[in-house]
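**Student:** File input_32.cif below, mmCIF, C-alpha atoms:
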```
data_final
#
loop_
_atom_site.label_atom_id
_atom_site.label_comp_id
_atom_site.auth_asym_id
_atom_site.auth_seq_id
_atom_site.Cartn_x
_atom_site.Cartn_y
_atom_site.Cartn_z
CA MET A 1409 -58.11 200.04 -65.57
CA THR A 1410 -55.71 197.11 -65.11
CA LYS A 1411 -54.40 194.89 -67.87
CA ARG A 1412 -56.51 192.04 -66.57
CA THR A 1413 -59.61 194.22 -66.73
CA ILE A 1414 -58.81 194.93 -70.36
CA VAL A 1415 -58.55 191.18 -70.99
CA ALA A 1416 -61.89 190.60 -69.23
CA ALA A 1417 -63.62 193.36 -71.23
CA LEU A 1418 -62.22 192.08 -74.53
CA ALA A 1419 -63.20 188.52 -73.65
CA LEU A 1420 -66.73 189.73 -72.97
CA ALA A 1421 -66.82 191.50 -76.34
CA GLY A 1422 -65.46 188.31 -77.92
CA ILE A 1423 -68.31 186.28 -76.43
CA PHE A 1424 -70.81 188.40 -78.36
CA VAL A 1425 -68.85 188.19 -81.63
CA ALA A 1426 -68.55 184.40 -81.38
CA LEU A 1427 -72.18 184.09 -80.25
CA TYR A 1428 -73.31 186.06 -83.31
CA LEU A 1429 -71.42 183.69 -85.62
CA LEU A 1430 -72.75 180.67 -83.71
CA LEU A 1431 -76.35 181.90 -83.97
CA TYR A 1432 -75.84 182.22 -87.72
CA LYS A 1433 -74.32 178.76 -87.90
CA ILE A 1434 -77.25 177.14 -86.11
CA GLY A 1435 -79.77 179.10 -88.17
CA VAL A 1436 -81.09 181.59 -85.58
CA VAL A 1437 -79.64 184.57 -87.47
CA GLY A 1438 -80.65 184.37 -91.13
CA ASN A 1439 -78.00 186.55 -92.72
CA LEU A 1440 -74.67 187.79 -91.44
CA SER A 1441 -74.12 191.52 -91.55
CA CYS A 1442 -70.97 191.46 -93.62
CA SER A 1443 -69.85 194.66 -95.32
CA ILE A 1444 -66.31 193.39 -95.89
CA GLY A 1445 -65.39 189.97 -97.23
CA SER A 1446 -67.47 186.85 -97.65
CA CYS A 1447 -68.73 185.81 -94.23
CA GLU A 1448 -71.14 183.23 -95.62
CA THR A 1449 -68.45 181.52 -97.68
CA VAL A 1450 -66.21 181.21 -94.63
CA ASN A 1451 -68.90 180.18 -92.17
CA THR A 1452 -70.38 177.54 -94.39
CA SER A 1453 -67.05 176.07 -95.47
CA LYS A 1454 -65.93 172.71 -94.16
CA TRP A 1455 -63.41 174.56 -91.98
CA ALA A 1456 -66.23 176.13 -89.96
CA VAL A 1457 -66.51 172.86 -88.03
CA PHE A 1458 -63.74 171.64 -85.73
CA LEU A 1459 -63.85 168.26 -83.99
CA GLY A 1460 -67.53 167.92 -84.74
CA ALA A 1461 -68.58 171.30 -83.31
CA PRO A 1462 -68.92 174.68 -85.03
CA VAL A 1463 -65.75 176.77 -84.74
CA ALA A 1464 -67.96 179.61 -83.51
CA GLY A 1465 -69.07 177.33 -80.65
CA TRP A 1466 -65.44 176.72 -79.72
CA GLY A 1467 -65.03 180.48 -79.84
CA VAL A 1468 -67.88 181.03 -77.39
CA GLY A 1469 -66.39 178.43 -75.06
CA PHE A 1470 -62.95 180.01 -75.32
CA TYR A 1471 -64.14 183.54 -74.61
CA VAL A 1472 -66.38 182.46 -71.73
CA SER A 1473 -63.45 180.57 -70.15
CA LEU A 1474 -61.15 183.53 -70.66
CA PHE A 1475 -63.72 185.93 -69.24
CA VAL A 1476 -64.24 183.80 -66.12
CA VAL A 1477 -60.51 183.46 -65.48
CA ALA A 1478 -59.90 187.17 -66.10
CA LEU A 1479 -62.79 188.06 -63.78
CA VAL A 1480 -61.37 185.85 -61.03
CA SER A 1481 -57.91 187.30 -61.56
CA ILE A 1482 -59.05 190.85 -60.85
CA GLN A 1483 -60.44 189.89 -57.45
CA ASP A 1484 -58.34 191.21 -54.55
CA ARG A 1485 -57.41 187.71 -53.50
CA TYR A 1486 -55.68 187.00 -56.82
CA ALA A 1487 -54.69 190.52 -57.80
CA ASP A 1488 -51.00 189.84 -57.18
CA SER A 1489 -51.00 186.23 -58.31
CA LEU A 1490 -48.27 185.30 -60.77
CA ALA A 1491 -50.05 181.98 -61.38
CA MET A 1492 -53.13 183.84 -62.64
CA SER A 1493 -50.96 185.79 -65.06
CA LYS A 1494 -49.50 182.53 -66.35
CA ILE A 1495 -52.94 180.97 -66.79
CA LEU A 1496 -54.17 184.03 -68.69
CA ALA A 1497 -51.10 184.00 -70.93
CA LEU A 1498 -51.57 180.28 -71.56
CA ILE A 1499 -55.26 180.53 -72.45
CA THR A 1500 -54.81 183.56 -74.70
CA GLY A 1501 -51.73 181.93 -76.25
CA ILE A 1502 -53.77 178.87 -77.24
CA GLY A 1503 -56.46 181.16 -78.61
CA PHE A 1504 -53.88 183.15 -80.55
CA VAL A 1505 -52.39 180.05 -82.20
CA PHE A 1506 -55.84 178.66 -83.07
CA SER A 1507 -56.95 182.02 -84.40
CA ALA A 1508 -53.79 182.38 -86.50
CA TRP A 1509 -54.48 178.95 -88.00
CA LEU A 1510 -58.07 179.93 -88.85
CA THR A 1511 -56.95 183.21 -90.41
CA SER A 1512 -54.37 181.41 -92.54
CA LEU A 1513 -57.12 179.03 -93.72
CA GLU A 1514 -59.24 182.01 -94.73
CA LEU A 1515 -56.39 183.59 -96.65
CA PHE A 1516 -54.77 180.60 -98.30
CA VAL A 1517 -57.35 177.79 -98.44
CA ILE A 1518 -60.87 179.24 -98.46
CA HIS A 1519 -59.72 182.43 -100.23
CA ALA A 1520 -62.36 184.46 -98.44
CA ILE A 1521 -62.29 186.70 -95.41
CA CYS A 1522 -65.01 187.03 -92.81
CA GLN A 1523 -64.97 190.40 -91.06
CA TRP A 1524 -66.31 188.96 -87.81
CA CYS A 1525 -63.57 186.32 -87.82
CA VAL A 1526 -61.02 189.10 -88.34
CA ILE A 1527 -62.51 191.08 -85.43
CA SER A 1528 -62.27 187.96 -83.27
CA ALA A 1529 -58.66 187.40 -84.37
CA ILE A 1530 -57.81 190.99 -83.41
CA ILE A 1531 -59.49 190.57 -79.99
CA VAL A 1532 -57.55 187.35 -79.35
CA THR A 1533 -54.28 188.94 -80.42
CA VAL A 1534 -54.77 191.97 -78.18
CA THR A 1535 -55.73 189.81 -75.19
CA PHE A 1536 -52.61 187.70 -75.79
CA VAL A 1537 -50.33 190.74 -75.95
CA VAL A 1538 -51.92 192.34 -72.87
CA SER A 1539 -51.70 189.03 -70.98
CA LEU A 1540 -47.98 188.78 -71.83
CA MET A 1541 -47.49 192.35 -70.62
CA ASP A 1542 -49.32 191.45 -67.41
CA LEU A 1543 -47.15 188.37 -66.95
CA SER A 1544 -44.00 190.33 -67.61
CA ALA A 1545 -45.02 192.99 -65.09
CA ARG A 1546 -45.74 190.38 -62.40
CA ARG A 1547 -42.41 188.73 -62.98
CA ASP A 1548 -40.74 192.08 -62.55
CA GLY A 1549 -42.54 192.40 -59.23
CA ALA A 1550 -44.75 195.29 -60.21
CA ILE A 1551 -48.11 195.37 -58.49
CA GLU A 1552 -50.90 196.89 -60.48
CA ARG A 1553 -53.83 198.51 -58.75
CA SER A 1554 -56.89 199.93 -60.27
CA SER A 1555 -56.95 203.68 -59.96
CA ASP A 1556 -60.59 203.79 -58.96
CA MET B 853 -52.52 192.53 -29.82
CA ALA B 854 -55.30 195.13 -29.98
CA ALA B 855 -53.10 197.28 -32.20
CA ASN B 856 -52.51 194.32 -34.55
CA SER B 857 -56.23 193.72 -34.77
CA LYS B 858 -56.82 197.37 -35.62
CA ASP B 859 -54.15 197.25 -38.35
CA ARG B 860 -55.78 194.19 -39.85
CA ARG B 861 -59.16 195.91 -39.88
CA GLN B 862 -57.61 198.91 -41.61
CA ASN B 863 -56.07 196.57 -44.17
CA VAL B 864 -59.45 195.05 -44.84
CA VAL B 865 -61.00 198.48 -45.26
CA ARG B 866 -58.15 199.54 -47.55
CA SER B 867 -58.55 196.37 -49.60
CA ALA B 868 -62.26 196.86 -49.97
CA SER B 869 -61.83 200.47 -51.01
CA SER B 870 -59.31 199.43 -53.64
CA ARG B 871 -61.78 197.02 -55.20
CA PRO B 872 -62.15 198.24 -58.78
CA LYS B 873 -65.74 199.43 -59.02
CA GLY B 874 -64.95 201.03 -62.37
CA THR B 875 -63.92 197.63 -63.65
CA TYR B 876 -67.40 196.24 -63.15
CA ILE B 877 -68.99 199.33 -64.64
CA ALA B 878 -66.79 198.90 -67.73
CA LEU B 879 -67.72 195.22 -67.99
CA ILE B 880 -71.41 195.99 -67.59
CA VAL B 881 -71.16 198.61 -70.35
CA VAL B 882 -69.47 196.08 -72.66
CA ALA B 883 -72.13 193.49 -71.81
CA VAL B 884 -75.04 195.88 -72.44
CA VAL B 885 -73.58 197.20 -75.70
CA GLY B 886 -72.71 193.68 -76.89
CA ALA B 887 -76.12 192.24 -76.01
CA SER B 888 -77.90 195.17 -77.67
CA LEU B 889 -75.89 194.83 -80.89
CA LEU B 890 -76.47 191.08 -80.90
CA ALA B 891 -80.21 191.49 -80.39
CA TYR B 892 -80.31 194.11 -83.14
CA ALA B 893 -78.35 191.90 -85.54
CA ALA B 894 -80.54 188.89 -84.81
CA THR B 895 -83.80 190.73 -85.37
CA ARG B 896 -82.90 193.33 -88.00
CA LYS B 897 -84.78 193.52 -91.26
CA PRO B 898 -83.00 194.41 -94.52
CA GLU B 899 -82.57 198.17 -94.90
CA ALA B 900 -85.00 199.93 -97.18
CA GLY B 901 -82.15 201.38 -99.18
CA ALA B 902 -80.37 198.09 -99.62
CA ILE B 903 -80.58 196.30 -102.92
CA ALA B 904 -83.59 194.11 -102.31
CA PRO B 905 -83.51 190.54 -103.43
CA THR B 906 -86.14 189.77 -106.01
CA PRO B 907 -87.99 186.77 -104.68
CA ILE B 908 -89.83 184.70 -107.19
CA THR B 909 -93.54 184.78 -106.55
CA VAL B 910 -95.22 182.30 -108.75
CA ASP B 911 -98.68 180.93 -108.64
CA PRO B 912 -98.17 177.19 -109.10
CA ALA B 913 -101.57 176.99 -110.80
CA THR B 914 -100.48 179.29 -113.61
CA ALA B 915 -96.80 178.38 -113.82
CA GLY B 916 -95.78 176.38 -116.84
CA PRO B 917 -94.71 172.77 -116.60
CA PRO B 918 -91.41 172.31 -114.74
CA GLN B 919 -88.50 171.43 -116.97
CA GLY B 920 -85.45 170.18 -115.13
CA TYR B 921 -82.03 169.37 -116.52
CA LEU B 922 -81.39 165.68 -116.91
CA ASN B 923 -78.00 164.08 -116.34
CA GLY B 924 -77.80 160.42 -117.29
CA LYS B 925 -79.92 157.91 -119.11
CA PRO B 926 -83.63 158.80 -119.16
CA ASP B 927 -84.57 155.20 -118.43
CA ALA B 928 -82.19 154.69 -115.50
CA PRO B 929 -83.86 152.55 -112.82
CA VAL B 930 -83.50 155.17 -110.07
CA LYS B 931 -84.34 158.80 -110.61
CA ILE B 932 -82.77 161.39 -108.34
CA VAL B 933 -84.42 164.82 -108.36
CA GLU B 934 -82.48 167.74 -106.94
CA PHE B 935 -83.84 171.17 -106.05
CA ALA B 936 -80.89 173.49 -105.65
CA ASP B 937 -79.80 177.10 -105.57
CA PHE B 938 -76.61 177.99 -107.43
CA GLU B 939 -75.57 180.32 -104.64
CA CYS B 940 -76.27 177.95 -101.76
CA PRO B 941 -72.97 176.82 -100.17
CA ALA B 942 -74.29 173.37 -99.24
CA CYS B 943 -75.40 172.85 -102.85
CA GLY B 944 -71.93 173.98 -103.91
CA ARG B 945 -70.29 171.42 -101.66
CA PHE B 946 -72.55 168.69 -103.01
CA ALA B 947 -71.81 169.71 -106.60
CA THR B 948 -68.05 169.99 -106.20
CA ILE B 949 -67.27 167.27 -103.66
CA THR B 950 -70.00 164.62 -103.88
CA GLU B 951 -71.30 164.89 -107.41
CA PRO B 952 -68.12 163.76 -109.20
CA ASP B 953 -68.47 160.42 -107.38
CA VAL B 954 -72.19 160.31 -108.11
CA GLN B 955 -71.45 160.98 -111.77
CA LYS B 956 -68.81 158.29 -112.05
CA ARG B 957 -70.35 155.53 -109.98
CA LEU B 958 -74.10 156.00 -110.24
CA ILE B 959 -74.87 158.00 -113.37
CA ASP B 960 -72.16 156.83 -115.78
CA THR B 961 -72.85 153.24 -114.75
CA GLY B 962 -76.54 153.65 -115.53
CA LEU B 963 -77.70 152.95 -111.98
CA ALA B 964 -79.41 156.32 -111.62
CA ASN B 965 -80.02 159.63 -113.31
CA LEU B 966 -80.22 163.07 -111.74
CA THR B 967 -82.51 165.91 -112.72
CA TYR B 968 -81.69 169.39 -111.52
CA TYR B 969 -84.46 171.92 -110.79
CA ASP B 970 -83.80 175.58 -110.03
CA PHE B 971 -84.86 176.72 -106.60
CA PRO B 972 -83.24 180.17 -106.26
CA LEU B 973 -83.69 181.30 -102.66
CA PRO B 974 -84.78 184.92 -102.23
CA GLN B 975 -81.86 185.89 -100.01
CA HIS B 976 -79.41 184.98 -102.77
CA ARG B 977 -79.64 187.91 -105.14
CA ASN B 978 -77.34 186.45 -107.79
CA SER B 979 -78.90 183.01 -107.81
CA GLN B 980 -81.63 183.78 -110.34
CA PRO B 981 -79.12 185.33 -112.77
CA ALA B 982 -77.04 182.17 -112.31
CA SER B 983 -80.06 179.98 -113.12
CA ASN B 984 -80.59 182.22 -116.13
CA ALA B 985 -76.96 181.69 -117.24
CA ALA B 986 -77.26 177.92 -116.81
CA ALA B 987 -80.51 177.83 -118.79
CA CYS B 988 -78.87 179.81 -121.61
CA ALA B 989 -75.96 177.35 -121.59
CA ASP B 990 -78.52 174.58 -121.95
CA ASP B 991 -79.51 176.07 -125.31
CA GLU B 992 -76.18 174.79 -126.56
CA GLY B 993 -76.40 171.55 -124.59
CA LYS B 994 -74.00 172.76 -121.92
CA PHE B 995 -76.11 173.13 -118.82
CA TRP B 996 -73.94 170.72 -116.84
CA PRO B 997 -70.57 172.29 -117.72
CA MET B 998 -72.06 175.67 -116.73
CA HIS B 999 -73.51 174.08 -113.58
CA ASP B 1000 -69.98 172.92 -112.68
CA GLN B 1001 -68.49 176.35 -113.39
CA LEU B 1002 -71.11 178.15 -111.30
CA PHE B 1003 -70.77 175.88 -108.30
CA GLY B 1004 -66.99 175.65 -108.64
CA HIS B 1005 -66.58 179.43 -108.58
CA GLN B 1006 -69.38 180.35 -106.17
CA ASP B 1007 -66.96 182.42 -104.11
CA GLU B 1008 -66.35 184.94 -106.88
CA TRP B 1009 -69.87 185.69 -108.13
CA ASN B 1010 -72.09 185.25 -105.04
CA THR B 1011 -74.19 188.07 -103.57
CA GLU B 1012 -71.56 189.03 -101.04
CA ALA B 1013 -68.76 189.01 -103.60
CA THR B 1014 -70.33 191.15 -106.30
CA ASP B 1015 -73.39 193.13 -107.34
CA ASP B 1016 -72.73 192.30 -110.98
CA PRO B 1017 -72.18 188.60 -111.63
CA LYS B 1018 -72.57 188.83 -115.41
CA PRO B 1019 -68.85 189.27 -116.25
CA PHE B 1020 -68.14 186.04 -114.38
CA PHE B 1021 -70.89 184.20 -116.23
CA MET B 1022 -69.49 185.49 -119.52
CA LYS B 1023 -66.08 184.17 -118.54
CA TYR B 1024 -67.53 180.73 -117.75
CA ALA B 1025 -69.50 180.75 -121.00
CA SER B 1026 -66.29 181.36 -122.87
CA SER B 1027 -64.34 178.75 -120.94
CA ILE B 1028 -66.86 175.99 -121.71
CA GLY B 1029 -66.94 176.92 -125.39
CA LEU B 1030 -70.34 178.59 -125.71
CA ASN B 1031 -71.13 181.06 -128.43
CA THR B 1032 -70.70 184.07 -126.15
CA ALA B 1033 -72.70 186.49 -128.31
CA LYS B 1034 -75.66 184.12 -128.39
CA PHE B 1035 -75.25 183.42 -124.68
CA GLU B 1036 -75.18 187.11 -123.81
CA SER B 1037 -78.23 187.82 -125.88
CA CYS B 1038 -80.13 185.00 -124.17
CA TYR B 1039 -78.90 186.11 -120.73
CA ASN B 1040 -79.85 189.76 -121.24
CA ALA B 1041 -83.29 188.85 -122.54
CA ARG B 1042 -83.91 186.44 -119.64
CA THR B 1043 -85.19 184.07 -122.26
CA HIS B 1044 -85.69 181.23 -119.81
CA GLN B 1045 -87.19 183.14 -116.90
CA LYS B 1046 -90.46 181.22 -117.24
CA ARG B 1047 -88.65 177.91 -117.05
CA ILE B 1048 -86.84 178.98 -113.88
CA GLU B 1049 -90.10 180.16 -112.35
CA ALA B 1050 -91.84 176.92 -113.28
CA ASN B 1051 -89.05 174.90 -111.67
CA PHE B 1052 -89.29 177.04 -108.57
CA ALA B 1053 -93.06 176.58 -108.51
CA GLU B 1054 -92.56 172.82 -108.70
CA GLY B 1055 -90.32 173.07 -105.65
CA GLU B 1056 -92.96 175.05 -103.81
CA ARG B 1057 -95.58 172.52 -104.80
CA ARG B 1058 -93.38 169.85 -103.24
CA LYS B 1059 -92.90 172.03 -100.16
CA VAL B 1060 -89.16 172.46 -100.66
CA ASN B 1061 -87.97 174.92 -98.03
CA SER B 1062 -84.22 174.43 -98.04
CA THR B 1063 -81.55 173.58 -100.55
CA PRO B 1064 -80.41 171.17 -101.61
CA THR B 1065 -83.47 168.96 -101.34
CA PHE B 1066 -83.42 165.59 -103.06
CA TYR B 1067 -86.29 163.36 -104.02
CA ILE B 1068 -85.66 159.72 -104.64
CA GLY B 1069 -88.92 157.96 -105.25
CA ASP B 1070 -91.43 159.58 -102.94
CA VAL B 1071 -88.95 160.36 -100.20
CA ALA B 1072 -87.52 163.85 -99.68
CA TYR B 1073 -84.02 164.29 -98.28
CA ARG B 1074 -83.57 167.86 -97.12
CA THR B 1075 -79.81 167.86 -96.81
CA ALA B 1076 -76.65 167.60 -98.88
CA LEU B 1077 -76.32 163.82 -98.94
CA SER B 1078 -72.89 162.26 -98.89
CA TYR B 1079 -71.97 159.83 -101.64
CA ASP B 1080 -72.28 156.86 -99.28
CA GLU B 1081 -75.74 157.94 -98.14
CA LEU B 1082 -76.88 158.50 -101.70
CA LYS B 1083 -75.47 155.16 -102.83
CA ALA B 1084 -77.30 153.34 -100.03
CA ILE B 1085 -80.57 155.08 -100.92
CA VAL B 1086 -80.14 154.35 -104.63
CA ASP B 1087 -79.33 150.70 -103.92
CA SER B 1088 -82.39 150.44 -101.72
CA ALA B 1089 -84.62 152.13 -104.31
CA ALA B 1090 -83.29 149.89 -107.09
CA LYS B 1091 -84.41 146.80 -105.19
CA LYS B 1092 -88.02 147.99 -104.95
#
```
Starting from the file, lay out its structure as structure tokens.
**Tutor:**
Amino acid sequence: MTKRTIVAALALAGIFVALYLLLYKIGVVGNLSCSIGSCETVNTSKWAVFLGAPVAGWGVGFYVSLFVVALVSIQDRYADSLAMSKILALITGIGFVFSAWLTSLELFVIHAICQWCVISAIIVTVTFVVSLMDLSARRDGAIERSSD
Amino acid sequence: MAANSKDRRQNVVRSASSRPKGTYIALIVVAVVGASLLAYAATRKPEAGAIAPTPITVDPATAGPPQGYLNGKPDAPVKIVEFADFECPACGRFATITEPDVQKRLIDTGLANLTYYDFPLPQHRNSQPASNAAACADDEGKFWPMHDQLFGHQDEWNTEATDDPKPFFMKYASSIGLNTAKFESCYNARTHQKRIEANFAEGERRKVNSTPTFYIGDVAYRTALSYDELKAIVDSAAKK
């Protein structure tokens, strides 16, 4: 499994996490399954809306974009593309910064943690790290092929 | 030329064979697992073993008369009625962000009064105990200070934060200067349970289905109104 495949798989998982939070936000899911922290406090705070749209909605958009780009990047045509590695690193980097900001709000402003937000933050962080590794490998001239 | 063409064909074959089939299988697995978990989460019912919320089931015909908590002059020209749940985040935002303005500019000036009615939603397990605590505070004329404490500290006593909100309510009782022994006795005995149920029944009679719901005159506003919205409504009602 290539690094880009890992990014695609994590982005796909992220879509479901963000979608779950979005469905709660718009009232489709009545209660969040939240064994750790205070998901409701976080997701009903004023910080759960960014530029007029639910943060979870931005999350869905982010993960869908990342998934599409990662999926394109694993096609043979782009498998060796340095530009694709840069785009992936850029997208995940933006996600990482945004996610770090949201996590800091949870810790220092809202004083509540939402486990699903933490899971999303971990996914974003891992995709960012893997994308940087992918970029570094391309710059070094390494060509990664799937083993299957 | 023919040899070049053959090489190219071999390259194409090699490329196709290197296409990562396992990648798509992995993605499909993630998609199926994710969609299944999402569908489960969206449709799941509370577990039998979980601490079940205790919804109020009251027959409006037999419930006692509702008895809200008045804030302001009884004869104020505009009467705002609020049905709220102490654990509801939107009610908390209204109480902590909007209500100070409402207090200062509409209630203290005599333009309007506001009457609070309990409407503890069944999914909020600690909301009824909170209504109970507020009613006990009312025995010493301190419903509104307790109201402010409850909404101001929602994050520490809500259903997700604790299974036992009483120590928090005791702390608030002490901080607003209640007789804590009397308060605790009232709280433990659920002295005002009937009042809470009657207020809830009044909400049901009015078809309240979300909190906060406001009534100004005959009009229901099923959202946490901003100060500006409330001011405009009060101004309009005062002219009638």
**Student:** Write out as a ChimeraX atom specification which residues come within 8 Å of Ala1025 of chain B when counting all atoms listed in the file, dropping same-chain ones fewer than 4 positions away.
**Tutor:** /B:989,998,1021,1029-1032,1035
**Student:** Running the PyMOL selection byres ((chain B and resi 954) around 10) on this model by hand, what would come out? Give it as an MDAnalysis selection string.
**Tutor:** chainID B and resid 946:947 949:953 955:961 963:966 1078:1080 1082:1083
**Student:** Go through A:Asp1484, A:Asp1548, A:Glu1514, A:Asp1542 one by one, measure the shortest atom-to-atom distance of each to chain B using only C-alpha atoms, and give the residue with the smallest value.
**Tutor:**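 Of all the options, A:Asp1484 lies closest to chain B.
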**Student:** Would you mind listing what lies within 12 Å of Glu1008 of chain B as a PyMOL selection string, with all atoms listed in the file counted and same-chain residues fewer than 3 positions away left out?
**Tutor:** (chain A and resi 1445-1446+1449+1518-1520) or (chain B and resi 939+978+1001-1005+1011-1021+1023-1024)
**Student:** For segment 1058-1062 of chain B, please output as a PyMOL selection string all residues within 12 Å (counting only C-alpha atoms; exclusion window: fewer than 3 positions along the same chain).
**Tutor:** (chain A and resi 1435) or (chain B and resi 912+918+933-937+940-943+969-975+1051-1055+1065-1067+1070-1076)
